[in-house]
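Data file: structure.txt. Format and content: compact mmCIF, C-alpha atoms.
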# COMPACT_ATOMS: atom_id res chain seq x y z
CA TRP C 166 -85.25 -40.90 -64.19
CA THR C 167 -87.99 -39.22 -66.19
CA LEU C 168 -85.36 -37.88 -68.58
CA GLY C 169 -83.85 -41.33 -68.91
CA ILE C 170 -87.15 -42.94 -69.82
CA LEU C 171 -88.03 -40.29 -72.37
CA SER C 172 -84.59 -40.07 -73.99
CA THR C 173 -84.74 -43.76 -74.88
CA THR C 174 -88.46 -44.16 -75.54
CA THR C 175 -89.72 -44.81 -79.05
CA PHE C 176 -92.93 -43.41 -80.52
CA PRO C 177 -95.26 -46.39 -79.83
CA GLN C 178 -94.25 -46.26 -76.17
CA ILE C 179 -94.67 -42.52 -75.64
CA SER C 180 -98.40 -42.54 -74.85
CA LEU C 181 -97.99 -45.39 -72.38
CA VAL C 182 -95.13 -43.62 -70.61
CA ALA C 183 -97.15 -40.40 -70.46
CA GLN C 184 -100.14 -42.22 -68.98
CA ALA C 185 -97.94 -43.86 -66.38
CA LEU C 186 -96.31 -40.57 -65.46
CA SER C 187 -99.58 -38.65 -65.28
CA GLY C 188 -100.96 -41.13 -62.79
CA TRP C 189 -98.47 -40.31 -60.05
CA VAL C 190 -96.28 -37.42 -61.17
CA LYS C 191 -97.89 -34.03 -60.78
CA ARG C 192 -98.55 -31.97 -63.90
CA GLU C 193 -97.27 -28.53 -62.97
CA SER C 194 -99.57 -25.58 -63.60
CA GLU C 195 -98.42 -21.99 -63.64
CA LEU C 196 -98.71 -19.84 -60.51
CA PRO C 197 -101.29 -16.99 -60.59
CA GLY C 198 -98.54 -14.40 -61.02
CA ALA C 199 -97.63 -15.88 -64.39
CA LEU C 200 -101.17 -15.40 -65.71
CA THR C 201 -101.27 -11.84 -64.41
CA CYS C 202 -97.98 -11.12 -66.16
CA LEU C 203 -99.26 -12.68 -69.39
CA LYS C 204 -102.45 -10.61 -69.32
CA ARG C 205 -100.49 -7.38 -68.86
CA ARG C 206 -98.03 -8.22 -71.62
CA VAL C 207 -100.77 -9.04 -74.09
CA GLU C 208 -102.64 -5.83 -73.25
CA SER C 209 -99.47 -3.76 -73.73
CA GLY C 210 -98.65 -5.41 -77.06
CA ARG C 211 -95.48 -6.96 -75.67
CA CYS C 212 -96.77 -10.54 -76.06
CA HIS C 213 -98.51 -12.21 -78.99
CA ARG C 214 -100.32 -15.48 -78.39
CA CYS C 215 -99.90 -17.60 -81.51
CA GLY C 216 -101.83 -20.75 -80.69
CA ARG C 217 -99.05 -23.22 -80.01
CA PHE C 218 -96.49 -20.70 -78.80
CA ASP C 219 -96.28 -17.32 -77.10
CA MET C 220 -93.96 -14.59 -78.38
CA PHE C 221 -92.54 -11.99 -75.97
CA LEU C 222 -91.19 -8.83 -77.57
CA PRO C 223 -88.50 -6.34 -76.57
CA VAL C 224 -89.74 -2.85 -75.77
CA GLU C 225 -88.75 -1.39 -79.14
CA GLU C 226 -90.68 -4.09 -80.97
CA ASN C 227 -93.93 -2.43 -79.93
CA HIS C 228 -93.30 0.22 -82.60
CA ALA C 229 -94.45 -1.07 -85.99
CA SER C 230 -92.19 1.36 -87.86
CA SER C 231 -89.01 0.11 -86.18
CA THR C 232 -86.54 -1.74 -88.39
CA LYS C 233 -83.97 -2.51 -85.70
CA ALA C 234 -82.67 -6.07 -85.86
CA ILE C 235 -83.14 -8.32 -82.82
CA LYS C 236 -82.05 -11.69 -81.48
CA ALA C 237 -84.56 -14.45 -80.80
CA PHE C 238 -84.61 -17.35 -78.35
CA ILE C 239 -86.82 -20.46 -78.44
CA LEU C 240 -87.54 -21.84 -74.94
CA LEU C 241 -88.76 -25.41 -74.39
CA PRO C 242 -90.60 -26.34 -71.14
CA GLY C 243 -89.62 -29.00 -68.65
CA ALA C 244 -91.51 -32.29 -68.38
CA LEU C 245 -95.19 -31.94 -67.42
CA ILE C 246 -94.84 -28.15 -66.97
CA SER C 247 -97.28 -25.76 -68.63
CA HIS C 248 -95.56 -23.40 -71.05
CA LEU C 249 -97.50 -20.59 -69.34
CA ALA C 250 -95.27 -21.11 -66.30
CA TYR C 251 -92.41 -19.54 -68.27
CA THR C 252 -94.27 -16.27 -68.84
CA GLN C 253 -92.43 -14.35 -66.13
CA ILE C 254 -88.93 -15.50 -67.06
CA ALA C 255 -89.69 -14.86 -70.74
CA ALA C 256 -90.96 -11.38 -69.88
CA ARG C 257 -87.74 -10.63 -68.01
CA LEU C 258 -85.65 -11.78 -70.96
CA SER C 259 -87.68 -9.65 -73.36
CA ASP C 260 -87.14 -6.64 -71.10
CA LEU C 261 -83.41 -7.20 -71.61
CA GLY C 262 -83.76 -7.00 -75.39
CA ILE C 263 -84.50 -10.54 -76.59
CA CYS C 264 -87.48 -11.85 -78.55
CA VAL C 265 -88.51 -14.96 -76.59
CA VAL C 266 -90.67 -17.72 -78.05
CA VAL C 267 -92.09 -20.12 -75.44
CA VAL C 268 -93.33 -23.28 -77.13
CA SER C 269 -96.34 -25.22 -75.88
CA MET C 270 -95.96 -29.00 -75.46
CA GLU C 271 -99.64 -29.67 -74.82
CA PRO C 272 -101.42 -31.96 -74.36
CA LEU C 273 -98.83 -34.31 -72.81
CA ARG C 274 -96.25 -31.65 -71.90
CA LEU C 275 -93.32 -33.79 -72.94
CA ALA C 276 -90.64 -32.08 -75.04
CA THR C 277 -89.64 -34.93 -77.34
CA SER C 278 -89.27 -35.03 -81.11
CA TYR C 279 -92.40 -37.21 -81.40
CA LEU C 280 -94.55 -34.79 -79.43
CA GLY C 281 -93.81 -31.35 -80.80
CA SER C 282 -90.04 -30.82 -80.58
CA SER C 283 -89.24 -31.66 -84.19
CA PRO C 284 -86.97 -29.53 -86.42
CA ILE C 285 -89.85 -29.14 -88.88
CA ARG C 286 -92.12 -27.60 -86.25
CA PHE C 287 -89.39 -25.24 -85.02
CA ALA C 288 -88.66 -24.11 -88.59
CA LYS C 289 -92.35 -23.24 -89.02
CA ILE C 290 -92.31 -21.31 -85.77
CA ARG C 291 -89.25 -19.32 -86.84
CA ARG C 292 -90.94 -18.36 -90.11
CA ARG C 293 -94.14 -17.31 -88.33
CA VAL C 294 -92.24 -15.20 -85.82
CA GLN C 295 -90.21 -13.44 -88.51
CA LYS C 296 -93.36 -12.71 -90.47
CA ARG C 297 -95.11 -11.42 -87.34
CA ILE C 298 -92.40 -8.89 -86.42
CA PHE C 299 -91.74 -7.59 -89.97
CA PRO C 300 -90.22 -5.09 -90.88
CA ARG C 301 -87.79 -5.89 -88.09
CA LYS C 302 -85.39 -8.71 -88.81
CA ILE C 303 -84.12 -11.44 -86.53
CA THR C 304 -80.34 -11.58 -86.86
CA SER C 305 -79.82 -14.82 -84.93
CA TRP C 306 -81.76 -17.67 -83.37
CA SER C 307 -80.82 -19.51 -80.18
CA ILE C 308 -82.60 -22.41 -78.52
CA GLY C 309 -82.75 -23.71 -74.99
CA GLY C 310 -84.83 -25.48 -72.43
CA HIS C 311 -85.50 -26.31 -68.82
CA SER C 312 -84.84 -29.86 -67.56
CA LEU C 313 -86.33 -32.23 -70.19
CA GLY C 314 -86.69 -29.24 -72.48
CA SER C 315 -82.92 -28.82 -72.48
CA PHE C 316 -82.48 -32.34 -73.82
CA ALA C 317 -84.87 -31.50 -76.65
CA ALA C 318 -82.95 -28.29 -77.31
CA MET C 319 -79.70 -30.26 -77.56
CA LYS C 320 -81.23 -32.52 -80.18
CA ALA C 321 -82.61 -29.54 -82.09
CA ILE C 322 -79.30 -27.67 -82.35
CA ALA C 323 -77.52 -30.87 -83.36
CA LYS C 324 -79.89 -31.29 -86.32
CA ASP C 325 -80.44 -27.67 -87.42
CA ASP C 326 -77.72 -25.19 -88.36
CA GLN C 327 -80.08 -22.21 -87.95
CA TYR C 328 -79.23 -21.85 -84.25
CA ASN C 329 -76.23 -19.88 -83.02
CA LYS C 330 -76.32 -20.66 -79.30
CA LEU C 331 -77.64 -23.26 -76.84
CA VAL C 332 -79.00 -22.51 -73.36
CA ILE C 333 -79.51 -25.28 -70.79
CA TRP C 334 -81.30 -24.76 -67.47
CA ALA C 335 -81.32 -27.46 -64.77
CA ILE C 336 -80.05 -30.46 -66.70
CA SER C 337 -79.36 -33.78 -65.01
CA ALA C 338 -76.32 -36.01 -65.48
CA LYS C 339 -78.26 -39.02 -64.17
CA VAL C 340 -78.69 -40.10 -67.79
CA PRO C 341 -76.35 -39.53 -70.74
CA PRO C 342 -77.08 -36.51 -72.96
CA PRO C 343 -79.10 -37.43 -76.07
CA CYS C 344 -76.20 -36.43 -78.31
CA ASN C 345 -72.54 -35.45 -78.09
CA LEU C 346 -72.07 -31.76 -78.84
CA ARG C 347 -68.32 -31.57 -78.29
CA ASN C 348 -67.80 -30.40 -81.87
CA LEU C 349 -70.94 -28.27 -82.02
CA GLY C 350 -69.12 -25.11 -83.02
CA HIS C 351 -71.58 -22.84 -81.16
CA PRO C 352 -71.48 -21.32 -77.65
CA VAL C 353 -73.27 -23.21 -74.87
CA LEU C 354 -74.54 -21.98 -71.49
CA ILE C 355 -75.36 -24.50 -68.74
CA LEU C 356 -77.10 -22.90 -65.77
CA GLN C 357 -77.98 -24.78 -62.59
CA GLY C 358 -79.16 -24.13 -59.05
CA SER C 359 -77.05 -24.97 -56.02
CA ASN C 360 -80.14 -26.29 -54.20
CA ASP C 361 -81.30 -28.49 -57.08
CA ASN C 362 -81.17 -31.99 -55.58
CA PHE C 363 -82.36 -33.61 -58.79
CA CYS C 364 -79.54 -32.24 -60.93
CA ARG C 365 -76.73 -31.87 -58.41
CA MET C 366 -73.41 -33.21 -59.72
CA GLU C 367 -70.23 -34.14 -57.91
CA ILE C 368 -67.01 -32.67 -59.32
CA GLU C 369 -66.01 -35.81 -61.23
CA THR C 370 -69.54 -36.32 -62.57
CA LEU C 371 -69.60 -32.73 -63.76
CA LYS C 372 -66.23 -33.12 -65.49
CA ASP C 373 -67.44 -36.21 -67.34
CA PHE C 374 -70.72 -34.55 -68.23
CA LEU C 375 -69.05 -31.46 -69.68
CA LYS C 376 -67.03 -33.66 -72.02
CA ASN C 377 -70.21 -33.84 -74.13
CA PHE C 378 -70.01 -30.10 -74.81
CA PRO C 379 -67.51 -27.71 -76.42
CA SER C 380 -64.47 -26.97 -74.26
CA GLU C 381 -65.44 -23.29 -73.97
CA THR C 382 -68.91 -24.11 -72.59
CA ARG C 383 -70.00 -21.65 -69.91
CA HIS C 384 -71.22 -23.41 -66.76
CA GLU C 385 -72.67 -21.37 -63.92
CA ILE C 386 -74.43 -22.13 -60.65
CA ILE C 387 -76.98 -19.82 -59.04
CA GLU C 388 -76.55 -20.00 -55.28
CA GLY C 389 -79.77 -20.89 -53.50
CA ALA C 390 -81.70 -21.73 -56.68
CA SER C 391 -83.93 -24.81 -56.98
CA HIS C 392 -84.92 -27.09 -59.87
CA ASN C 393 -88.50 -25.91 -60.31
CA TRP C 394 -88.14 -22.16 -59.97
CA PHE C 395 -86.69 -21.62 -63.42
CA ALA C 396 -90.43 -21.68 -64.08
CA SER C 397 -93.26 -20.08 -62.10
CA ILE C 398 -94.54 -23.23 -60.39
CA ASP C 399 -94.62 -24.71 -56.91
CA GLN C 400 -91.32 -26.06 -55.62
CA GLY C 401 -92.73 -29.59 -55.79
CA ASN C 402 -91.20 -32.58 -54.04
CA LEU C 403 -88.57 -30.89 -51.88
CA THR C 404 -86.70 -34.13 -51.18
CA LEU C 405 -86.37 -34.97 -54.86
CA LEU C 406 -86.06 -31.49 -56.36
CA GLY C 407 -84.63 -29.40 -53.55
CA LYS C 408 -85.81 -26.29 -51.71
CA ALA C 409 -84.68 -22.84 -52.82
CA SER C 410 -83.09 -20.51 -50.26
CA ILE C 411 -83.75 -17.48 -52.46
CA SER C 412 -87.11 -16.24 -53.74
CA MET C 413 -88.51 -17.35 -57.09
CA GLU C 414 -88.34 -13.73 -58.25
CA ARG C 415 -84.64 -13.51 -57.38
CA GLN C 416 -83.85 -16.84 -59.05
CA GLN C 417 -85.58 -15.77 -62.24
CA GLU C 418 -83.98 -12.33 -62.14
CA LEU C 419 -80.51 -13.92 -61.99
CA THR C 420 -81.43 -16.53 -64.61
CA ALA C 421 -82.62 -13.84 -67.02
CA SER C 422 -79.58 -11.65 -66.41
CA ILE C 423 -77.05 -14.44 -67.01
CA THR C 424 -78.95 -15.84 -69.99
CA ALA C 425 -79.42 -12.45 -71.66
CA ASP C 426 -75.75 -11.59 -71.16
CA PHE C 427 -74.87 -14.85 -72.93
CA LEU C 428 -77.35 -14.44 -75.78
CA LEU C 429 -76.53 -10.81 -76.51
CA GLN C 430 -72.76 -11.28 -76.70

Would you give me this structure, written as structure tokens?
Amino acid sequence: WTLGILSTTTFPQISLVAQALSGWVKRESELPGALTCLKRRVESGRCHRCGRFDMFLPVEENHASSTKAIKAFILLPGALISHLAYTQIAARLSDLGICVVVVSMEPLRLATSYLGSSPIRFAKIRRRVQKRIFPRKITSWSIGGHSLGSFAAMKAIAKDDQYNKLVIWAISAKVPPPCNLRNLGHPVLILQGSNDNFCRMEIETLKDFLKNFPSETRHEIIEGASHNWFASIDQGNLTLLGKASISMERQQELTASITADFLLQ
């Protein structure tokens, strides 16, 4: 329902919706392990904090003389989730060879075009990242998101031809996608958890939902995974979101492995 409200809300209404949500929907803060991971990555030179986004670098990127080209991935947070909660999953992806850029959606933590998910902002981020990692060159950009962030990523790739691939984690079919990407012309990965009550789809619902994406879209389900644990946060409302039957570490390990395999192809 949150996604439905936000996907149809206009700019004058955004602040009112955010106030209403913040009154009785929990803003999700990162677990302590995420901050520990962030501290270690910064100290090792594997993460650069750039104000409104954090950049996680592959191992080789730590060498200033390296000119090896790399692939980059912009990750957009779910609704009301701190971008710091994606530190551990971003670190795992960077360990697999991807430059990961986790974008902050503060102060409201809502990934919509009016609140920080605009093509103009993303273009500026891409330029800053490329400048920061010079002399290495980014050969391709992909974009993706978790929950509400995936809707924002869909809009971004529909409006900007600079992205080569789209990654979607834990998207709901309870509301229509913000745009039809059937003729996108780029690969798409949709990754969901089997224990995600919020985004669970029946077979027919899934078939209808996938009609909005290219026919070769890759759709995978992680057995035992929940809605929230694509990020390092509490599981939340178990009735609404579902309870994982695997650990958060295992869910994020599988998520990173599948996503990296897709992005590096």

Inset, instruction - Grab the CA of Ala335 in chain C to CA of Leu222 in chain C distance for me, in Å with one decimal place. - result: 24.7 Å

Quick one: contact table of range 270-370 of chain C to range 210-214 of chain C, 12 Å max, nearest atom pair and distance in Å to one decimal per residue, counting only C-alpha atoms, chain and number order, as JSON lines?
{"residue": "C:Arg293", "atom": "CA", "partner": "C:His213", "partner_atom": "CA", "distance": 11.5}
{"residue": "C:Val294", "atom": "CA", "partner": "C:His213", "partner_atom": "CA", "distance": 9.7}
{"residue": "C:Arg297", "atom": "CA", "partner": "C:His213", "partner_atom": "CA", "distance": 9.1}
{"residue": "C:Ile298", "atom": "CA", "partner": "C:His213", "partner_atom": "CA", "distance": 10.2}

Legend entry - Atom pair CA of Leu196 in chain C / CA of Ile398 in chain C: separation (Å): 5.4 Å

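A straight line drawn from CA of Asn362 in chain C to CA of Leu200 in chain C is 27.9 Å long.
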
Inset, instruction - Go through C:His311, C:Lys339, C:Arg192, C:Lys233 and flag the residue nearest Glu271 in chain C, using only C-alpha atoms for the distances. - result: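 Checking each candidate against Glu271 in chain C, we get C:Arg192 as the closest.
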
Kindly assemble as a Markdown table a list of the range 264-323 of chain C residues that lie within 12 Å of range 409-424 of chain C, each paired with its nearest atom pair and their distance in Å to one decimal, using only C-alpha atoms, sorted first by chain and then by ascending residue number.
| residue | atom | partner | partner_atom | distance |
| --- | --- | --- | --- | --- |
| C:Val265 | CA | C:Ala421 | CA | 11.3 |
| C:Ser307 | CA | C:Thr424 | CA | 11.0 |
| C:Ile308 | CA | C:Thr424 | CA | 11.4 |
| C:Gly309 | CA | C:Thr424 | CA | 10.1 |
| C:Gly310 | CA | C:Thr424 | CA | 11.6 |
| C:His311 | CA | C:Thr420 | CA | 11.4 |

Legend entry - Protein, DNA and RNA residues within 10 Å of (-97.3, -27.3, -66.5), only C-alpha atoms, as a PyMOL selection string: chain C and resi 191-196+242-251+269-271+273-275+396-398

May I have the protein, DNA and RNA residues with any atom at most 9 Å from the point (-72.6, -22.7, -59.1), counting only C-alpha atoms, written as a short mmCIF file (atom, residue, chain, number, x, y, z; two decimals) with C-alpha atoms, in the frame of the given file?
data_model
loop_
_atom_site.label_atom_id
_atom_site.label_comp_id
_atom_site.auth_asym_id
_atom_site.auth_seq_id
_atom_site.Cartn_x
_atom_site.Cartn_y
_atom_site.Cartn_z
CA LEU C 356 -77.10 -22.90 -65.77
CA GLN C 357 -77.98 -24.78 -62.59
CA GLY C 358 -79.16 -24.13 -59.05
CA SER C 359 -77.05 -24.97 -56.02
CA HIS C 384 -71.22 -23.41 -66.76
CA GLU C 385 -72.67 -21.37 -63.92
CA ILE C 386 -74.43 -22.13 -60.65
CA ILE C 387 -76.98 -19.82 -59.04
CA GLU C 388 -76.55 -20.00 -55.28
#

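You can rank C:Cys202, C:Met220, C:Val332, C:Ile290 by their closest distance to Gln253 in chain C using all atoms listed in the file, and at the top of that list sits C:Cys202.
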
Inset, instruction - Return the single residue from C:Pro343, C:Gly216, C:Pro284, C:Gly389 that is closest to Asp325 in chain C, with distances computed using all atoms listed in the file. - result: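 Result for the nearest residue to Asp325 in chain C: C:Pro284.
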
Inset, instruction - Might you pull out every residue within 10 Å of Leu331 in chain C, with only C-alpha atoms counted and same-chain residues fewer than 4 positions away left off, and present them as number ranges by chain? - result: C: 238-239, 306-310, 315, 318-319, 321-322, 349, 351-355, 382, 427-428

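Proximity of C:Gln327, C:Cys344, C:Asp361, C:Ile368 to Thr404 in chain C, computed with all atoms listed in the file, is greatest for C:Asp361.
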
Legend entry - Among listed residues C:Asn377, C:Ser283, C:Thr370, C:Thr304, nearest Leu346 in chain C (using only C-alpha atoms):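 Comparing C:Asn377, C:Ser283, C:Thr370, C:Thr304 against Leu346 in chain C, the winner is C:Asn377.
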